[in-house]
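Everything on this sheet refers to the single structure shown next.
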Amino acid sequence: MMRLRLPGGIISSQQMQVLGEIVQRYGEDGNADITTRQNLQLRGIRIEDVPDIFRRLQAVEMTSVQSGMDNVRNITASPVAGLDAEELIDVRELVQQVQDMITGNGEGNPEFTNLPRKFNIAIEGGRDNSVHAEINDIAFVPAYKVANGSDRS
């Protein structure tokens with residue numbers, strides 16, 4: 001099994017095309033699993049196919065670096081980030097920046113080895129807290145004023 005980090009669960013059409021090709025060629029039953037942390041898991045991968053898979057993933061800026069075991073987990077965000085007309089802030093770029101900082105742009109980052117194992121981070125930009133940020137180790141949730149003037153945080 002190979003797990004891929006997808007910060008905020010975001011995948012481009014080009015990345016999806018490459019992923020589809022990888023799954024069809026190397027995967028088990030042509031399927032990939034979506035995890036609760038917005039990762040993708042490829043099953044049935046053979047060790048001899050890993051170099052070609054890594055090459056294909058790198059060409060579309062996808063990585064499996066620190067995607068499992070005792071590493072900082074994938075950063076989750078609203079599945080409608082950047083699409084929700086009511087969101088307070090589009091967090092997609094921030095999620096990617098945090099991802100890059102943690103993984104060293106896919107090369108690994110020893111500065112984060114002192115974070116607890118399986119550390120969970122969520123970044124929410126909407127009002128509805130669709131990522132259930134409170135269940136994470138650290139969460140960034142926007143505060144805003146509601147119509148009656150009280151703060152909402």
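Residues are named by chain letter and number: chains run A, B, ... in the order of the structure tokens, numbers start at 1 in each chain, and ligands are numbered from 1 in the order shown.
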
Any chance you could list, as an MDAnalysis selection string, the residues in chain A that come up helix (DSSP H, G or I) when DSSP is run on the backbone? chainID A and resid 7:9 13:26 47:59 92:103 110:112 133:135

Can I get the selection written as a PDB file, in the first residue's frame, with C-alpha atoms?
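result-v3.pdb, written as the output of this step:
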```
ATOM      1  CA  PRO A   7      -3.022  18.806   1.500  1.00  0.00           C
ATOM      2  CA  GLY A   8      -6.642  19.778   2.100  1.00  0.00           C
ATOM      3  CA  GLY A   9      -7.714  16.886  -0.124  1.00  0.00           C
ATOM      4  CA  SER A  13      -7.200  17.411 -13.044  1.00  0.00           C
ATOM      5  CA  GLN A  14      -3.632  16.763 -14.231  1.00  0.00           C
ATOM      6  CA  GLN A  15      -2.778  15.030 -10.944  1.00  0.00           C
ATOM      7  CA  MET A  16      -5.989  12.993 -11.167  1.00  0.00           C
ATOM      8  CA  GLN A  17      -5.088  11.919 -14.711  1.00  0.00           C
ATOM      9  CA  VAL A  18      -1.641  10.698 -13.587  1.00  0.00           C
ATOM     10  CA  LEU A  19      -3.126   9.035 -10.521  1.00  0.00           C
ATOM     11  CA  GLY A  20      -5.649   7.233 -12.733  1.00  0.00           C
ATOM     12  CA  GLU A  21      -2.849   5.991 -14.970  1.00  0.00           C
ATOM     13  CA  ILE A  22      -0.869   4.769 -11.952  1.00  0.00           C
ATOM     14  CA  VAL A  23      -3.868   2.998 -10.432  1.00  0.00           C
ATOM     15  CA  GLN A  24      -4.794   1.348 -13.736  1.00  0.00           C
ATOM     16  CA  ARG A  25      -1.251   0.195 -14.410  1.00  0.00           C
ATOM     17  CA  TYR A  26      -0.038  -0.722 -10.918  1.00  0.00           C
ATOM     18  CA  ILE A  47       8.128  -2.681  -4.770  1.00  0.00           C
ATOM     19  CA  GLU A  48       9.663  -2.937  -8.250  1.00  0.00           C
ATOM     20  CA  ASP A  49       7.070  -0.442  -9.549  1.00  0.00           C
ATOM     21  CA  VAL A  50       7.796   2.220  -6.907  1.00  0.00           C
ATOM     22  CA  PRO A  51      10.559   4.083  -8.831  1.00  0.00           C
ATOM     23  CA  ASP A  52       8.275   4.652 -11.830  1.00  0.00           C
ATOM     24  CA  ILE A  53       5.360   5.608  -9.579  1.00  0.00           C
ATOM     25  CA  PHE A  54       7.543   8.128  -7.705  1.00  0.00           C
ATOM     26  CA  ARG A  55       8.758   9.589 -11.005  1.00  0.00           C
ATOM     27  CA  ARG A  56       5.200  10.027 -12.241  1.00  0.00           C
ATOM     28  CA  LEU A  57       4.039  11.546  -8.953  1.00  0.00           C
ATOM     29  CA  GLN A  58       6.963  13.954  -8.794  1.00  0.00           C
ATOM     30  CA  ALA A  59       6.189  15.189 -12.326  1.00  0.00           C
ATOM     31  CA  ARG A  92      -5.865  26.393   0.076  1.00  0.00           C
ATOM     32  CA  GLU A  93      -2.590  28.309  -0.225  1.00  0.00           C
ATOM     33  CA  LEU A  94      -2.070  28.321   3.550  1.00  0.00           C
ATOM     34  CA  VAL A  95      -2.667  24.558   3.712  1.00  0.00           C
ATOM     35  CA  GLN A  96      -0.050  24.025   0.988  1.00  0.00           C
ATOM     36  CA  GLN A  97       2.446  26.297   2.773  1.00  0.00           C
ATOM     37  CA  VAL A  98       2.038  24.373   6.037  1.00  0.00           C
ATOM     38  CA  GLN A  99       2.380  21.093   4.126  1.00  0.00           C
ATOM     39  CA  ASP A 100       5.573  22.274   2.431  1.00  0.00           C
ATOM     40  CA  MET A 101       7.016  23.448   5.742  1.00  0.00           C
ATOM     41  CA  ILE A 102       6.305  20.100   7.400  1.00  0.00           C
ATOM     42  CA  THR A 103       7.527  17.915   4.554  1.00  0.00           C
ATOM     43  CA  PRO A 110      13.915  17.188  10.303  1.00  0.00           C
ATOM     44  CA  GLU A 111      12.800  20.361  12.140  1.00  0.00           C
ATOM     45  CA  PHE A 112       9.403  18.759  12.631  1.00  0.00           C
ATOM     46  CA  ALA A 133     -11.379  21.272  13.639  1.00  0.00           C
ATOM     47  CA  GLU A 134     -11.904  20.680  17.368  1.00  0.00           C
ATOM     48  CA  ILE A 135     -10.980  16.997  17.032  1.00  0.00           C
TER      49      ILE A 135
END
```

Neighbour list for Ser67 in chain A as an mmCIF file with N, CA and C atoms, in the first residue's frame, cut-off 6 Å, only C-alpha atoms, skip fewer than 2 positions in-chain:
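Final file, out.cif:
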```
data_model
loop_
_atom_site.group_PDB
_atom_site.id
_atom_site.type_symbol
_atom_site.label_atom_id
_atom_site.label_comp_id
_atom_site.auth_asym_id
_atom_site.auth_seq_id
_atom_site.Cartn_x
_atom_site.Cartn_y
_atom_site.Cartn_z
ATOM 1 N N ARG A 3 0.489 5.448 0.462
ATOM 2 C CA ARG A 3 -0.393 6.576 0.804
ATOM 3 C C ARG A 3 0.208 7.850 0.237
ATOM 4 N N ARG A 5 0.043 12.116 0.197
ATOM 5 C CA ARG A 5 -0.413 13.325 0.895
ATOM 6 C C ARG A 5 -1.125 14.222 -0.110
ATOM 7 N N SER A 64 4.457 11.083 -1.416
ATOM 8 C CA SER A 64 4.068 10.160 -0.347
ATOM 9 C C SER A 64 4.913 10.424 0.896
ATOM 10 N N VAL A 65 5.785 11.436 0.854
ATOM 11 C CA VAL A 65 6.671 11.754 1.974
ATOM 12 C C VAL A 65 5.854 12.020 3.234
#
```

Residues of range 28-143 of chain A in strand (DSSP E or B), written as JSON, numbers by chain: {"A": [32, 33, 34, 40, 41, 42, 63, 76, 77, 121, 122, 123, 138, 139, 140]}

Nearest to Ile45 in chain A by atom-to-atom distance, counting only C-alpha atoms, from A:Gly27, A:Gly68, A:Pro79, A:Pro142: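 Among A:Gly27, A:Gly68, A:Pro79, A:Pro142, it is A:Gly27 that comes nearest to Ile45 in chain A.
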
Would you mind reading off the distance between CA of Asp90 in chain A and CA of Asn39 in chain A, one decimal, in Å?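 So the two atoms, CA of Asp90 in chain A and CA of Asn39 in chain A, lie 19.9 Å apart.
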
Atom-to-atom span, CA of Arg43 in chain A and CA of Gly30 in chain A, Å: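 Rounded to one decimal, the two atoms are 8.9 Å apart.
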
In Å, with one decimal, what is the gap from CA of Phe140 in chain A to CA of Gln41 in chain A?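 Atom-to-atom, CA of Phe140 in chain A to CA of Gln41 in chain A, that is 26.0 Å.
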
Set the distance at 10 Å and use only C-alpha atoms: which residues neighbour Leu88 in chain A once local chain neighbours fewer than 2 positions away are removed? I'd like the list as number ranges by chain. A: 81-82, 84-86, 90-91, 124-127, 141-144

Would you mind listing what lies within 6 Å of range 117-123 of chain A as a PDB file with N, CA and C atoms, in the first residue's frame, with only C-alpha atoms counted and same-chain residues fewer than 6 positions away left out?
```pdb
ATOM      1  N   ASP A  70       4.394   7.263  11.924  1.00  0.00           N
ATOM      2  CA  ASP A  70       4.369   8.164  13.075  1.00  0.00           C
ATOM      3  C   ASP A  70       4.681   9.607  12.714  1.00  0.00           C
ATOM      4  N   ASN A  71       4.342  10.040  11.524  1.00  0.00           N
ATOM      5  CA  ASN A  71       4.602  11.396  11.069  1.00  0.00           C
ATOM      6  C   ASN A  71       3.429  12.319  11.347  1.00  0.00           C
ATOM      7  N   VAL A  72       3.674  13.619  11.177  1.00  0.00           N
ATOM      8  CA  VAL A  72       2.592  14.595  11.199  1.00  0.00           C
ATOM      9  C   VAL A  72       1.622  14.205  10.084  1.00  0.00           C
ATOM     10  N   ARG A  73       0.356  14.178  10.397  1.00  0.00           N
ATOM     11  CA  ARG A  73      -0.649  13.748   9.428  1.00  0.00           C
ATOM     12  C   ARG A  73      -0.927  14.815   8.369  1.00  0.00           C
ATOM     13  N   ILE A  75      -2.642  17.660   6.367  1.00  0.00           N
ATOM     14  CA  ILE A  75      -3.410  18.802   6.835  1.00  0.00           C
ATOM     15  C   ILE A  75      -4.783  18.749   6.173  1.00  0.00           C
ATOM     16  N   THR A  76      -5.830  18.808   6.982  1.00  0.00           N
ATOM     17  CA  THR A  76      -7.180  18.775   6.442  1.00  0.00           C
ATOM     18  C   THR A  76      -7.743  20.182   6.344  1.00  0.00           C
ATOM     19  N   ALA A  77      -8.649  20.353   5.397  1.00  0.00           N
ATOM     20  CA  ALA A  77      -9.330  21.626   5.180  1.00  0.00           C
ATOM     21  C   ALA A  77     -10.718  21.331   4.635  1.00  0.00           C
ATOM     22  N   ALA A 133     -12.717  20.890  13.194  1.00  0.00           N
ATOM     23  CA  ALA A 133     -11.379  21.272  13.639  1.00  0.00           C
ATOM     24  C   ALA A 133     -11.095  20.904  15.086  1.00  0.00           C
ATOM     25  N   ASN A 136      -8.854  17.896  16.214  1.00  0.00           N
ATOM     26  CA  ASN A 136      -7.454  17.857  15.822  1.00  0.00           C
ATOM     27  C   ASN A 136      -6.555  18.328  16.957  1.00  0.00           C
ATOM     28  N   ASP A 137      -5.264  18.047  16.837  1.00  0.00           N
ATOM     29  CA  ASP A 137      -4.303  18.500  17.840  1.00  0.00           C
ATOM     30  C   ASP A 137      -4.149  20.012  17.814  1.00  0.00           C
ATOM     31  N   ILE A 138      -4.181  20.578  16.620  1.00  0.00           N
ATOM     32  CA  ILE A 138      -4.160  22.038  16.469  1.00  0.00           C
ATOM     33  C   ILE A 138      -5.071  22.388  15.301  1.00  0.00           C
ATOM     34  N   ALA A 139      -5.829  23.452  15.479  1.00  0.00           N
ATOM     35  CA  ALA A 139      -6.764  23.849  14.434  1.00  0.00           C
ATOM     36  C   ALA A 139      -6.759  25.363  14.293  1.00  0.00           C
ATOM     37  N   PHE A 140      -6.870  25.797  13.078  1.00  0.00           N
ATOM     38  CA  PHE A 140      -6.985  27.211  12.777  1.00  0.00           C
ATOM     39  C   PHE A 140      -8.388  27.438  12.237  1.00  0.00           C
TER      40      PHE A 140
END
```
